[in-house]
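Structure file coords07.txt (compact mmCIF, C-alpha atoms) is printed below.
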```txt
# COMPACT_ATOMS: atom_id res chain seq x y z
CA MET A 1 0.00 0.00 0.00
CA SER A 2 1.44 3.39 -0.92
CA GLU A 3 2.26 6.01 1.65
CA LEU A 4 -0.22 8.47 0.10
CA THR A 5 -3.12 5.98 0.46
CA LEU A 6 -2.16 5.25 4.05
CA LEU A 7 -1.98 8.98 4.85
CA LEU A 8 -5.43 9.60 3.31
CA LEU A 9 -6.92 6.69 5.29
CA ARG A 10 -5.43 8.09 8.52
CA ILE A 11 -6.79 11.58 7.82
CA GLY A 12 -10.22 10.17 6.91
CA PHE A 13 -10.30 8.10 10.08
CA LEU A 14 -9.31 11.17 12.15
CA VAL A 15 -12.07 13.29 10.57
CA LEU A 16 -14.60 10.53 11.22
CA LEU A 17 -13.43 10.25 14.84
CA TRP A 18 -13.80 14.03 15.39
CA PHE A 19 -17.26 13.95 13.78
CA PHE A 20 -18.27 11.23 16.26
CA VAL A 21 -16.89 13.25 19.22
CA PHE A 22 -18.86 16.37 18.17
CA ALA A 23 -22.05 14.30 17.74
CA VAL A 24 -21.69 12.89 21.27
CA VAL A 25 -21.03 16.35 22.75
CA TYR A 26 -24.05 17.81 20.92
CA SER A 27 -26.26 14.96 22.16
CA LEU A 28 -25.09 15.41 25.76
CA ARG A 29 -25.66 19.17 25.56
CA ALA A 30 -29.20 18.64 24.26
CA ASP A 31 -29.94 16.16 27.06
CA LEU A 32 -28.54 18.40 29.80
CA PHE A 33 -29.84 21.79 28.70
CA GLY A 34 -32.76 20.86 26.47
CA VAL A 35 -33.48 21.87 22.95
CA LYS A 36 -34.28 25.51 22.30
CA VAL A 37 -38.04 25.82 21.82
CA ARG A 38 -39.38 28.64 19.73
CA ARG A 39 -42.22 30.50 21.45
CA MET A 40 -45.38 31.03 19.47
CA PRO A 41 -46.61 34.65 19.49
CA GLU A 42 -50.03 35.25 20.96
CA PRO A 43 -52.55 35.91 18.19
CA ALA A 44 -53.16 39.66 18.48
CA ALA A 45 -55.03 39.80 15.18
CA ALA A 46 -58.00 37.93 16.65
CA ALA A 47 -58.51 40.58 19.34
CA THR A 48 -58.80 43.54 16.96
CA PRO A 49 -61.09 43.52 13.93
CA PRO A 50 -59.58 44.47 10.57
CA ALA A 51 -60.02 48.06 9.43
CA SER A 52 -62.22 46.98 6.53
CA ALA A 53 -64.68 45.15 8.79
CA PRO A 54 -68.10 46.82 9.00
CA ARG A 55 -68.89 48.36 12.35
CA SER A 56 -72.19 47.99 14.09
CA ASN A 57 -73.83 50.90 15.91
CA THR A 58 -75.47 48.62 18.45
CA ALA A 59 -73.80 48.06 21.80
CA PRO A 60 -72.97 44.49 22.80
CA VAL A 61 -75.54 42.89 25.06
CA ALA A 62 -74.29 41.07 28.15
CA PRO A 63 -75.68 37.58 28.66
CA ALA A 64 -78.44 37.29 31.21
CA LYS A 65 -77.37 36.02 34.61
CA VAL A 66 -78.75 32.64 35.46
CA PRO A 67 -79.46 32.19 39.15
CA THR A 68 -77.42 29.39 40.61
CA GLY A 69 -78.79 27.25 43.39
CA LYS A 70 -76.49 26.51 46.25
CA LYS A 71 -72.84 27.58 46.05
CA GLY A 72 -70.41 24.70 45.79
CA GLY A 73 -71.27 21.06 45.28
CA PRO A 74 -70.89 19.17 42.03
CA ALA A 75 -71.69 21.13 38.92
CA THR A 76 -74.84 20.13 37.10
CA THR A 77 -76.21 21.06 33.71
CA ASP A 78 -79.28 22.91 35.08
CA ALA A 79 -77.77 26.20 33.90
CA VAL A 80 -75.21 27.10 31.28
CA SER A 81 -71.77 26.30 32.70
CA ARG A 82 -68.62 28.20 31.77
CA ILE A 83 -64.92 28.14 32.50
CA VAL A 84 -63.43 31.39 33.82
CA ILE A 85 -59.64 31.77 33.87
CA THR A 86 -58.70 33.54 37.10
CA SER A 87 -54.90 33.66 36.78
CA GLY A 88 -52.31 32.99 34.12
CA PRO A 89 -51.59 34.30 30.63
CA LYS A 90 -55.26 34.36 29.62
CA ALA A 91 -56.74 35.70 32.89
CA GLY A 92 -60.29 36.97 32.47
CA LEU A 93 -61.15 34.70 29.54
CA GLU A 94 -64.57 33.03 29.80
CA LEU A 95 -65.33 29.91 27.79
CA PRO A 96 -68.88 28.51 27.66
CA LEU A 97 -69.22 24.75 28.00
CA GLY A 98 -71.59 22.70 25.91
CA THR A 99 -72.08 18.97 26.28
CA GLU A 100 -68.92 17.91 24.42
CA PRO A 101 -65.68 17.09 26.28
CA LEU A 102 -63.17 19.96 26.46
CA THR A 103 -59.47 19.17 26.21
CA ILE A 104 -56.96 21.51 27.81
CA GLY A 105 -53.33 21.70 26.75
CA ARG A 106 -50.57 23.34 24.75
CA SER A 107 -51.53 21.63 21.50
CA SER A 108 -53.42 23.67 18.90
CA GLU A 109 -55.88 20.75 18.73
CA SER A 110 -57.05 21.43 22.31
CA GLY A 111 -60.34 23.19 23.00
CA LEU A 112 -58.62 25.47 25.54
CA VAL A 113 -55.06 26.21 24.44
CA ILE A 114 -52.70 27.23 27.25
CA ARG A 115 -49.22 28.11 26.03
CA ASP A 116 -46.83 27.89 28.96
CA ASP A 117 -43.84 25.74 29.82
CA TYR A 118 -45.65 23.84 32.60
CA THR A 119 -48.58 22.60 30.50
CA SER A 120 -48.42 19.34 28.54
CA SER A 121 -49.63 19.08 24.95
CA HIS A 122 -52.71 17.16 26.08
CA HIS A 123 -52.88 18.02 29.77
CA ALA A 124 -56.44 17.50 31.03
CA ARG A 125 -60.00 16.92 29.89
CA LEU A 126 -63.35 18.18 31.15
CA VAL A 127 -66.10 15.63 30.57
CA LEU A 128 -69.83 15.85 31.21
CA TRP A 129 -70.65 12.61 33.01
CA GLY A 130 -74.36 12.23 33.58
CA ASP A 131 -75.35 15.62 34.94
CA GLN A 132 -72.03 16.75 36.42
CA TRP A 133 -68.69 17.91 35.04
CA MET A 134 -65.64 15.77 35.75
CA ILE A 135 -61.96 16.63 35.31
CA GLN A 136 -59.48 14.02 34.17
CA ASP A 137 -55.70 14.34 34.03
CA LEU A 138 -54.24 12.98 30.79
CA ASP A 139 -50.94 11.74 32.28
CA SER A 140 -49.47 15.23 32.29
CA THR A 141 -45.97 15.88 33.57
CA ASN A 142 -46.84 18.51 36.19
CA GLY A 143 -50.30 17.21 37.08
CA THR A 144 -53.75 18.74 37.29
CA TRP A 145 -54.94 20.17 40.61
CA HIS A 146 -58.57 20.56 41.75
CA ASP A 147 -59.25 22.47 44.95
CA GLY A 148 -55.65 21.91 46.13
CA ALA A 149 -55.61 18.14 45.53
CA ARG A 150 -53.85 16.42 42.66
CA VAL A 151 -56.20 14.71 40.20
CA SER A 152 -55.24 11.07 39.59
CA SER A 153 -58.59 9.76 38.36
CA PRO A 154 -61.71 11.55 37.06
CA VAL A 155 -63.02 13.81 39.84
CA PRO A 156 -66.32 15.74 39.99
CA ILE A 157 -65.74 19.48 39.70
CA THR A 158 -67.02 21.69 42.50
CA VAL A 159 -68.46 25.01 41.31
CA GLY A 160 -66.08 27.84 42.19
CA ALA A 161 -63.20 25.56 43.25
CA PRO A 162 -59.86 26.45 41.65
CA ILE A 163 -58.50 24.09 38.98
CA LYS A 164 -54.80 24.49 38.19
CA VAL A 165 -53.25 23.37 34.92
CA GLY A 166 -49.62 24.43 34.52
CA ALA A 167 -49.37 28.11 35.50
CA THR A 168 -53.06 28.78 34.77
CA THR A 169 -55.87 28.65 37.31
CA PHE A 170 -59.54 28.57 36.33
CA GLU A 171 -62.96 27.85 37.84
CA LEU A 172 -66.19 26.28 36.73
CA ARG A 173 -69.06 28.72 37.12
CA LYS A 174 -72.74 28.64 36.33
```
Conversion result in structure tokens:
Amino acid sequence: MSELTLLLLRIGFLVLLWFFVFAVVYSLRADLFGVKVRRMPEPAAAATPPASAPRSNTAPVAPAKVPTGKKGGPATTDAVSRIVITSGPKAGLELPLGTEPLTIGRSSESGLVIRDDYTSSHHARLVLWGDQWMIQDLDSTNGTWHDGARVSSPVPITVGAPIKVGATTFELRK
């Protein structure tokens, strides 16, 4: 074998060895520090109507208040139920509940999208079971909390009790 061929094989082997070392270092860095996640901007366009949208001269009408029976206790479907976010990035948001299950999570497929670092993609689910709302944790990393207790199996929701998902707290109201 000529000296030139042997030299080229040595250099090729050295380059391959260094490539392997850099791949291992990159993998260790990603495992230790995580991969940089790009934050999605909050949709500001949905909050303001476009300039070309026709404006109505009528004032918005607030929904009529439905009297609720006793405070507390399991929520029933006697009145229209809604979710009210009390703290977190979307504080003040009210979301009416129908009869369909509502998924909560970071995924854009969720019914209630919460974009924070402590919320899983599919974090929790609200389900109407019979005549009361239940909350179910979907094996989230940081857990779902109802009235200060961690949810491990479907639990009936108490009206007005805080439910915590990630860094967001909300309540079920009538």
Notebook entry, point to check: atom CA of A:His146 and atom CA of A:Ile104 are how many Å apart?
Noted result: 14.1 Å
Checklist line | Residue contacts of A:Ser87 (7 Å, only C-alpha atoms) excluding same-chain residues fewer than 4 positions away, as number ranges by chain | finding: A: 91, 168-170
Margin query: Considering all atoms listed in the file, can you say which of A:Ile85, A:Val165, A:Ala149, A:Ile157 comes closest to A:Ser120?
Written below: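 Nearest candidate to A:Ser120 out of A:Ile85, A:Val165, A:Ala149, A:Ile157: A:Val165.
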Notebook entry, point to check: Which value, in Å to one decimal, gives the distance between atom CA of A:Gly98 and atom CA of A:Ser81?
Noted result: 7.7 Å
Notebook entry, point to check: atom CA of A:Ser110 and atom CA of A:Gly148 are how many Å apart?
Noted result: 23.9 Å
Check: Which residue gives the smallest distance to A:Gln132 among A:Thr144, A:Ser153, A:Thr99, A:Thr119, with only C-alpha atoms counted?
Finding: A:Thr99
